[in-house]
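Participant: File follows, entry_13.cif with mmCIF, C-alpha atoms:
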```cif
data_work
#
loop_
_atom_site.label_atom_id
_atom_site.label_comp_id
_atom_site.auth_asym_id
_atom_site.auth_seq_id
_atom_site.Cartn_x
_atom_site.Cartn_y
_atom_site.Cartn_z
CA MET V 1 10.83 99.12 29.98
CA ARG V 2 10.49 98.58 26.27
CA VAL V 3 13.67 96.56 26.22
CA THR V 4 12.42 94.32 28.99
CA VAL V 5 9.16 93.57 27.21
CA LEU V 6 10.98 92.75 24.02
CA GLY V 7 13.31 90.40 25.87
CA VAL V 8 10.42 88.55 27.48
CA LEU V 9 8.71 88.22 24.11
CA ALA V 10 11.86 86.84 22.51
CA VAL V 11 12.28 84.25 25.24
CA THR V 12 8.62 83.20 24.90
CA LEU V 13 8.87 82.78 21.12
CA SER V 14 12.11 80.83 21.47
CA THR V 15 10.53 78.44 23.99
CA ALA V 16 7.46 77.88 21.79
CA ALA V 17 9.67 77.14 18.81
CA CYS V 18 11.64 74.59 20.77
CA ASN V 19 8.48 72.93 22.02
CA GLY V 20 7.09 72.85 18.47
CA ALA V 21 10.26 71.27 17.16
CA ASP V 22 10.17 68.61 19.86
CA THR V 23 6.53 67.69 19.36
CA PRO V 24 6.88 65.52 16.18
CA ILE V 25 9.86 63.68 17.63
CA GLY V 26 7.97 62.94 20.83
CA ALA V 27 4.95 61.70 18.86
CA ASN V 28 7.08 59.40 16.71
CA ALA V 29 8.69 57.88 19.77
CA ALA V 30 5.28 57.30 21.35
CA ASN V 31 3.98 55.67 18.17
CA ALA V 32 7.01 53.40 17.97
CA ALA V 33 6.52 52.32 21.56
CA GLU V 34 2.86 51.60 20.87
CA GLN V 35 3.76 49.48 17.83
CA THR V 36 6.04 47.28 19.90
CA LYS V 37 3.13 46.40 22.17
CA LYS V 38 1.08 44.91 19.31
CA PRO V 39 1.24 41.08 18.79
CA VAL V 40 3.20 39.84 15.77
CA ALA V 41 1.14 37.76 13.30
CA THR V 42 2.44 34.21 12.57
CA THR V 43 2.19 32.55 9.16
CA GLY V 44 1.56 29.03 10.48
CA ALA V 45 0.71 27.09 13.61
CA ALA V 46 2.58 24.05 14.99
CA VAL V 47 1.16 20.70 13.91
CA VAL V 48 -0.02 18.65 16.88
CA THR V 49 0.31 14.87 16.53
CA ARG V 50 -0.50 11.92 18.74
CA GLU V 51 0.55 8.28 18.57
CA VAL V 52 -2.07 5.58 18.08
CA THR V 53 -1.40 1.84 18.26
CA ILE V 54 -3.05 -0.46 15.72
CA PRO V 55 -3.26 -3.79 17.58
CA ALA V 56 -2.08 -7.15 16.30
CA GLY V 57 -4.84 -9.13 14.61
CA THR V 58 -6.28 -6.06 12.85
CA PRO V 59 -7.41 -6.99 9.31
CA LEU V 60 -6.24 -4.86 6.38
CA SER V 61 -8.36 -4.98 3.23
CA ILE V 62 -6.20 -4.17 0.21
CA ILE V 63 -6.42 -3.90 -3.59
CA LEU V 64 -3.46 -5.14 -5.65
CA GLU V 65 -1.76 -2.68 -7.97
CA THR V 66 0.89 -5.18 -9.09
CA PRO V 67 -0.27 -8.42 -10.76
CA ILE V 68 1.21 -11.67 -9.37
CA SER V 69 1.62 -14.94 -11.28
CA SER V 70 3.16 -18.30 -10.46
CA GLU V 71 4.49 -18.30 -14.02
CA THR V 72 6.11 -14.84 -14.23
CA SER V 73 6.65 -13.50 -10.68
CA ARG V 74 9.95 -13.97 -8.87
CA VAL V 75 10.76 -14.29 -5.17
CA GLU V 76 11.59 -10.90 -3.50
CA GLU V 77 9.91 -9.00 -6.32
CA ARG V 78 8.23 -5.85 -4.97
CA VAL V 79 4.42 -5.70 -4.91
CA ASN V 80 2.30 -2.56 -4.49
CA ALA V 81 -1.26 -2.24 -3.21
CA HIS V 82 -3.54 0.24 -1.44
CA LEU V 83 -6.08 0.07 1.38
CA ALA V 84 -9.62 -0.64 0.22
CA ARG V 85 -10.97 0.55 3.58
CA ALA V 86 -9.67 2.91 6.25
CA VAL V 87 -8.17 1.49 9.44
CA VAL V 88 -10.26 2.63 12.40
CA VAL V 89 -9.21 2.42 16.08
CA ASP V 90 -11.67 3.35 18.85
CA GLY V 91 -13.98 4.99 16.35
CA ALA V 92 -11.30 7.27 14.86
CA THR V 93 -9.67 6.87 11.44
CA VAL V 94 -5.97 6.16 11.92
CA VAL V 95 -5.00 5.24 8.34
CA PRO V 96 -7.25 6.55 5.54
CA GLU V 97 -8.59 4.58 2.59
CA GLY V 98 -6.21 4.61 -0.38
CA SER V 99 -3.05 4.53 1.75
CA SER V 100 -0.13 2.69 0.14
CA VAL V 101 0.85 -0.83 1.20
CA GLY V 102 4.04 -2.51 -0.02
CA GLY V 103 5.33 -6.07 0.08
CA VAL V 104 7.38 -8.78 -1.62
CA VAL V 105 6.70 -12.08 -3.35
CA THR V 106 7.80 -14.86 -0.98
CA ASP V 107 7.01 -17.84 -3.22
CA ALA V 108 6.38 -18.34 -6.94
CA LYS V 109 6.36 -21.92 -8.16
CA GLN V 110 5.21 -23.04 -11.58
CA SER V 111 3.02 -26.07 -12.06
CA GLY V 112 4.98 -29.24 -12.87
CA LYS V 113 4.47 -31.58 -15.83
CA VAL V 114 4.44 -34.72 -13.69
CA LYS V 115 3.55 -33.48 -10.20
CA GLY V 116 3.47 -30.31 -8.15
CA ARG V 117 0.80 -27.64 -8.28
CA ALA V 118 1.51 -23.98 -8.95
CA HIS V 119 1.71 -21.71 -5.93
CA VAL V 120 2.31 -18.01 -5.19
CA ALA V 121 2.61 -16.14 -1.90
CA VAL V 122 3.18 -12.54 -0.89
CA ARG V 123 3.84 -10.78 2.42
CA PHE V 124 3.31 -7.05 2.96
CA ASP V 125 5.82 -5.16 5.09
CA SER V 126 5.22 -1.40 4.77
CA LEU V 127 2.40 1.11 5.18
CA THR V 128 2.37 4.77 4.05
CA PRO V 129 -0.72 6.75 5.09
CA SER V 130 -2.25 9.03 2.44
CA GLY V 131 -1.04 12.61 2.76
CA SER V 132 2.02 11.56 4.75
CA ASP V 133 5.67 11.00 3.82
CA GLU V 134 6.19 8.62 6.74
CA ARG V 135 6.46 4.92 5.95
CA TYR V 136 5.86 2.41 8.73
CA ALA V 137 7.22 -1.12 8.91
CA ILE V 138 4.43 -3.65 9.44
CA HIS V 139 4.31 -7.40 10.03
CA THR V 140 1.49 -9.32 8.35
CA SER V 141 0.46 -12.86 7.65
CA SER V 142 1.52 -14.24 4.28
CA VAL V 143 -1.18 -14.51 1.62
CA GLY V 144 -0.88 -17.45 -0.78
CA ARG V 145 -2.79 -19.21 -3.54
CA THR V 146 -2.37 -22.77 -4.88
CA ALA V 147 -3.62 -24.03 -8.23
CA GLU V 148 -6.43 -26.59 -8.36
CA GLY V 149 -5.49 -30.24 -8.61
CA THR V 150 -5.66 -31.94 -12.03
CA LYS V 151 -5.68 -35.66 -11.06
CA ARG V 152 -9.26 -36.23 -12.20
CA LYS V 153 -8.60 -34.45 -15.49
CA ASP V 154 -5.38 -36.44 -15.99
CA ALA V 155 -7.25 -39.69 -15.37
CA LEU V 156 -9.80 -38.76 -18.01
CA GLU V 157 -7.09 -37.84 -20.49
CA ILE V 158 -5.35 -41.18 -19.94
CA GLY V 159 -8.57 -43.22 -19.87
CA ALA V 160 -10.17 -41.84 -23.03
CA PRO V 161 -7.36 -42.83 -25.43
CA ALA V 162 -7.14 -46.22 -23.70
CA ALA V 163 -10.84 -46.86 -24.26
CA GLY V 164 -10.54 -45.84 -27.91
CA GLY V 165 -7.54 -48.09 -28.41
CA ALA V 166 -9.34 -51.05 -26.80
CA LEU V 167 -12.35 -50.57 -29.10
CA ILE V 168 -10.17 -50.53 -32.19
CA GLY V 169 -8.17 -53.52 -30.95
CA ALA V 170 -11.36 -55.52 -30.32
CA LEU V 171 -12.65 -54.82 -33.78
CA VAL V 172 -9.40 -55.91 -35.33
CA GLY V 173 -8.21 -58.80 -33.19
CA GLY V 174 -10.83 -59.77 -30.63
CA LYS V 175 -10.13 -59.95 -26.88
CA LYS V 176 -6.38 -60.12 -27.27
CA GLY V 177 -6.50 -57.19 -29.62
CA ALA V 178 -8.55 -55.23 -27.11
CA LEU V 179 -5.84 -55.68 -24.44
CA VAL V 180 -3.10 -54.62 -26.81
CA GLY V 181 -5.13 -51.70 -28.09
CA GLY V 182 -5.89 -50.54 -24.56
CA ALA V 183 -2.20 -50.60 -23.60
CA VAL V 184 -1.20 -48.65 -26.68
CA GLY V 185 -4.00 -46.11 -26.24
CA GLY V 186 -3.24 -45.65 -22.56
CA GLY V 187 0.41 -45.01 -23.34
CA ALA V 188 -0.58 -42.28 -25.78
CA GLY V 189 -2.78 -40.63 -23.14
CA THR V 190 0.01 -40.70 -20.57
CA ALA V 191 2.35 -39.03 -23.04
CA VAL V 192 -0.14 -36.19 -23.48
CA VAL V 193 -0.38 -35.62 -19.72
CA LEU V 194 3.39 -35.69 -19.21
CA SER V 195 3.91 -33.02 -21.86
CA THR V 196 1.32 -30.62 -20.41
CA ARG V 197 1.79 -28.44 -17.35
CA GLY V 198 -1.01 -27.96 -14.83
CA LYS V 199 -2.85 -24.73 -14.15
CA GLU V 200 -1.00 -21.60 -13.06
CA VAL V 201 -2.06 -19.16 -10.33
CA LYS V 202 -2.65 -15.52 -11.23
CA LEU V 203 -3.70 -12.59 -9.04
CA ALA V 204 -4.59 -9.75 -11.39
CA LYS V 205 -4.25 -6.03 -10.78
CA GLY V 206 -7.35 -4.97 -8.84
CA ALA V 207 -7.65 -8.27 -6.97
CA ALA V 208 -8.94 -7.90 -3.40
CA LEU V 209 -6.96 -9.49 -0.55
CA THR V 210 -7.23 -9.42 3.23
CA LEU V 211 -4.12 -9.21 5.39
CA ARG V 212 -3.86 -9.51 9.14
CA LEU V 213 -1.31 -7.73 11.33
CA THR V 214 0.81 -10.18 13.31
CA ALA V 215 2.33 -7.42 15.46
CA PRO V 216 1.07 -4.00 16.66
CA VAL V 217 2.19 -0.86 14.84
CA ASN V 218 2.32 2.70 16.19
CA ILE V 219 1.06 5.42 13.83
CA ARG V 220 1.42 9.18 14.32
CA VAL V 221 -1.92 10.90 13.70
CA ARG V 222 -2.59 14.63 13.44
CA GLY V 223 -4.95 16.24 15.90
#
```
Show how you would write the structure in this file as structure tokens.
Facilitator:
Amino acid sequence: MRVTVLGVLAVTLSTAACNGADTPIGANAANAAEQTKKPVATTGAAVVTREVTIPAGTPLSIILETPISSETSRVEERVNAHLARAVVVDGATVVPEGSSVGGVVTDAKQSGKVKGRAHVAVRFDSLTPSGSDERYAIHTSSVGRTAEGTKRKDALEIGAPAAGGALIGALVGGKKGALVGGAVGGGAGTAVVLSTRGKEVKLAKGAALTLRLTAPVNIRVRG
């Protein structure tokens, strides 16, 4: 009888020990399973973009960053500028203020000594929105400037020496002397005009210009 009781006790202790040994393992497995059910945190969300069309005819107000001159600029020379105002389509800003605009000089002609007024022209062909690495090709109207005419000034420069020469000629030799003096004086005035170029055209850094799109352009906008 004593042996039987001892055997039962031994079996009971052995079973409890086994159950105790299994308990931590079972808990760890349950915890691991629970962990796999939890959502994994992400470090960033996908950027959502949409495409907006800026229609042809839209004006672009820009500020020059590169000075342009009929005297020093060369055709195909690159010109940089930035938007003075944001481009807005349907009440939403599509291209922010300060965005980069690039172009090239299409004409640069110095003023002539005899005829021909100075002229410069530039056409902008690229747009890079602020905060973006994407550059878009754009088509715009050419912007040009022509120097003021100098015919009236030239006439005064020729006429003044002629009048002075006629006065001196009249004092020296009468009417005939006045005609000779006028011819000589006029010739001197003409020589001065022929040796002097007309005015040049200069668009300084910071000059404000207005472009106009001649074709629509599609811009990718966030949000």
Participant: Could you work out how far atom CA of V:Val48 lies from atom CA of V:Leu213, giving the answer in Å with one decimal?
Facilitator: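 For atom CA of V:Leu213 relative to atom CA of V:Val48, the distance reads 27.0 Å.
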Participant: Here's a test: counting all atoms listed in the file, identify every protein, DNA and RNA residue with an atom at most 9 Å from (-6.6, 7.2, 7.6) in the file's coordinate frame, and state them as a ChimeraX atom specification.
Facilitator: /V:85-88,92-99,129-130,221
Participant: What would the selection look like, as a PyMOL selection string, if the PyMOL selection byres ((chain V and resi 126) around 6) were run on the coordinates I just shared?
Facilitator: chain V and resi 101-102+125+127+136-138
Participant: Can you tell me which residues surround V:Arg123 at a distance of at most 9 Å, considering all atoms listed in the file, apart from same-chain residues fewer than 2 positions away, and format the answer as a list in words?
Facilitator: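 Once the adjacent positions are removed, what remains is Val79, Gly102, Gly103, Val104, Val105, Thr106, Ala121, Asp125, His139, Thr140, Ser141, Ser142, Val143, Gly144 and Leu211 of chain V.
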Participant: Mind checking which residues fall within 7 Å of V:Arg145, counting all atoms listed in the file, ignoring those fewer than 6 positions away in the same chain, and posting them as a CSV table (one decimal) with C-alpha atoms, keeping the file's coordinate frame?
Facilitator:
```
chain,number,residue,atom,x,y,z
V,119,HIS,CA,1.7,-21.7,-5.9
V,120,VAL,CA,2.3,-18.0,-5.2
V,121,ALA,CA,2.6,-16.1,-1.9
V,201,VAL,CA,-2.1,-19.2,-10.3
```
Participant: Choose the residue, out of V:Ala204, V:Val89, V:Ala147, V:Ile54, that has the smallest atom-to-atom separation from V:Asn218; count all atoms listed in the file.
Facilitator: V:Ile54
Participant: Which residue is closest to V:Glu134? Choose from V:Arg212, V:Gly112, V:Leu64, V:Ser100 and count all atoms listed in the file.
Facilitator: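 Result for the nearest residue to V:Glu134: V:Ser100.
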Participant: Which residue out of V:Gly206, V:Gly131, V:Gly91, V:Gly116 has the minimum interatomic distance to V:Ile68 when only C-alpha atoms are used?
Facilitator: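 Of the candidates, the smallest distance to V:Ile68 is held by V:Gly206.
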Participant: How many Å lie between atom CA of V:Gly57 and atom CA of V:Arg135, rounded to one decimal?
Facilitator: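 Separation of atom CA of V:Gly57 and atom CA of V:Arg135: 20.0 Å.
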Participant: Do you know which residues the PyMOL selection byres ((chain V and resi 49) around 10) returns on this file, as a VMD selection string?
Facilitator: chain V and resid 46 to 48 50 to 52 219 to 223
Participant: Since we have the selection now, will you write its residues out, keeping C-alpha atoms, as an mmCIF file, in the coordinates of the input?
Facilitator:
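Output file result.cif follows:
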```cif
data_model
loop_
_atom_site.group_PDB
_atom_site.id
_atom_site.type_symbol
_atom_site.label_atom_id
_atom_site.label_comp_id
_atom_site.auth_asym_id
_atom_site.auth_seq_id
_atom_site.Cartn_x
_atom_site.Cartn_y
_atom_site.Cartn_z
ATOM 1 C CA ALA V 46 2.580 24.050 14.990
ATOM 2 C CA VAL V 47 1.160 20.700 13.910
ATOM 3 C CA VAL V 48 -0.020 18.650 16.880
ATOM 4 C CA ARG V 50 -0.500 11.920 18.740
ATOM 5 C CA GLU V 51 0.550 8.280 18.570
ATOM 6 C CA VAL V 52 -2.070 5.580 18.080
ATOM 7 C CA ILE V 219 1.060 5.420 13.830
ATOM 8 C CA ARG V 220 1.420 9.180 14.320
ATOM 9 C CA VAL V 221 -1.920 10.900 13.700
ATOM 10 C CA ARG V 222 -2.590 14.630 13.440
ATOM 11 C CA GLY V 223 -4.950 16.240 15.900
#
```
Participant: Generate the missing atoms of stretch 96-123 of chain V up to N, CA and C atoms and report them as an mmCIF file, in the coordinates of the input.
Facilitator:
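Once written, rebuild13.cif looks like this:
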```cif
data_model
loop_
_atom_site.group_PDB
_atom_site.id
_atom_site.type_symbol
_atom_site.label_atom_id
_atom_site.label_comp_id
_atom_site.auth_asym_id
_atom_site.auth_seq_id
_atom_site.Cartn_x
_atom_site.Cartn_y
_atom_site.Cartn_z
ATOM 1 N N PRO V 96 -6.131 6.363 6.474
ATOM 2 C CA PRO V 96 -7.250 6.550 5.540
ATOM 3 C C PRO V 96 -7.264 5.558 4.389
ATOM 4 N N GLU V 97 -8.430 5.410 3.795
ATOM 5 C CA GLU V 97 -8.590 4.580 2.590
ATOM 6 C C GLU V 97 -7.685 5.115 1.488
ATOM 7 N N GLY V 98 -7.106 4.206 0.710
ATOM 8 C CA GLY V 98 -6.210 4.610 -0.380
ATOM 9 C C GLY V 98 -4.753 4.667 0.011
ATOM 10 N N SER V 99 -4.449 4.492 1.297
ATOM 11 C CA SER V 99 -3.050 4.530 1.750
ATOM 12 C C SER V 99 -2.253 3.395 1.099
ATOM 13 N N SER V 100 -0.978 3.649 0.846
ATOM 14 C CA SER V 100 -0.130 2.690 0.140
ATOM 15 C C SER V 100 0.347 1.554 1.057
ATOM 16 N N VAL V 101 0.342 0.350 0.495
ATOM 17 C CA VAL V 101 0.850 -0.830 1.200
ATOM 18 C C VAL V 101 1.841 -1.512 0.274
ATOM 19 N N GLY V 102 3.018 -1.863 0.791
ATOM 20 C CA GLY V 102 4.040 -2.510 -0.020
ATOM 21 C C GLY V 102 4.456 -3.850 0.523
ATOM 22 N N GLY V 103 4.904 -4.739 -0.361
ATOM 23 C CA GLY V 103 5.330 -6.070 0.080
ATOM 24 C C GLY V 103 6.239 -6.731 -0.938
ATOM 25 N N VAL V 104 6.511 -8.014 -0.721
ATOM 26 C CA VAL V 104 7.380 -8.780 -1.620
ATOM 27 C C VAL V 104 6.774 -10.158 -1.869
ATOM 28 N N VAL V 105 7.094 -10.714 -3.032
ATOM 29 C CA VAL V 105 6.700 -12.080 -3.350
ATOM 30 C C VAL V 105 7.602 -13.015 -2.535
ATOM 31 N N THR V 106 7.021 -13.932 -1.789
ATOM 32 C CA THR V 106 7.800 -14.860 -0.980
ATOM 33 C C THR V 106 7.864 -16.261 -1.585
ATOM 34 N N ASP V 107 6.987 -16.543 -2.541
ATOM 35 C CA ASP V 107 7.010 -17.840 -3.220
ATOM 36 C C ASP V 107 6.347 -17.715 -4.580
ATOM 37 N N ALA V 108 6.947 -18.318 -5.583
ATOM 38 C CA ALA V 108 6.380 -18.340 -6.940
ATOM 39 C C ALA V 108 6.853 -19.616 -7.613
ATOM 40 N N LYS V 109 5.984 -20.609 -7.637
ATOM 41 C CA LYS V 109 6.360 -21.920 -8.160
ATOM 42 C C LYS V 109 5.415 -22.319 -9.291
ATOM 43 N N GLN V 110 6.012 -22.615 -10.440
ATOM 44 C CA GLN V 110 5.210 -23.040 -11.580
ATOM 45 C C GLN V 110 4.660 -24.446 -11.381
ATOM 46 N N SER V 111 3.589 -24.739 -12.091
ATOM 47 C CA SER V 111 3.020 -26.070 -12.060
ATOM 48 C C SER V 111 3.955 -27.037 -12.790
ATOM 49 N N GLY V 112 4.113 -28.256 -12.242
ATOM 50 C CA GLY V 112 4.980 -29.240 -12.870
ATOM 51 C C GLY V 112 4.269 -30.064 -13.921
ATOM 52 N N LYS V 113 5.046 -30.725 -14.802
ATOM 53 C CA LYS V 113 4.470 -31.580 -15.830
ATOM 54 C C LYS V 113 4.024 -32.919 -15.253
ATOM 55 N N VAL V 114 4.760 -33.422 -14.277
ATOM 56 C CA VAL V 114 4.440 -34.720 -13.690
ATOM 57 C C VAL V 114 3.685 -34.549 -12.373
ATOM 58 N N LYS V 115 4.211 -33.731 -11.485
ATOM 59 C CA LYS V 115 3.550 -33.480 -10.200
ATOM 60 C C LYS V 115 3.936 -32.099 -9.697
ATOM 61 N N GLY V 116 3.187 -31.636 -8.720
ATOM 62 C CA GLY V 116 3.470 -30.310 -8.150
ATOM 63 C C GLY V 116 2.544 -29.258 -8.721
ATOM 64 N N ARG V 117 1.738 -28.674 -7.843
ATOM 65 C CA ARG V 117 0.800 -27.640 -8.280
ATOM 66 C C ARG V 117 1.421 -26.256 -8.131
ATOM 67 N N ALA V 118 1.006 -25.348 -8.984
ATOM 68 C CA ALA V 118 1.510 -23.980 -8.950
ATOM 69 C C ALA V 118 1.106 -23.301 -7.644
ATOM 70 N N HIS V 119 1.977 -22.402 -7.197
ATOM 71 C CA HIS V 119 1.710 -21.710 -5.930
ATOM 72 C C HIS V 119 2.379 -20.339 -5.928
ATOM 73 N N VAL V 120 1.707 -19.331 -5.395
ATOM 74 C CA VAL V 120 2.310 -18.010 -5.190
ATOM 75 C C VAL V 120 1.970 -17.530 -3.786
ATOM 76 N N ALA V 121 2.857 -16.715 -3.220
ATOM 77 C CA ALA V 121 2.610 -16.140 -1.900
ATOM 78 C C ALA V 121 3.262 -14.770 -1.829
ATOM 79 N N VAL V 122 2.660 -13.889 -1.051
ATOM 80 C CA VAL V 122 3.180 -12.540 -0.890
ATOM 81 C C VAL V 122 2.989 -12.104 0.555
ATOM 82 N N ARG V 123 3.943 -11.320 1.057
ATOM 83 C CA ARG V 123 3.840 -10.780 2.420
ATOM 84 C C ARG V 123 4.071 -9.274 2.361
#
```
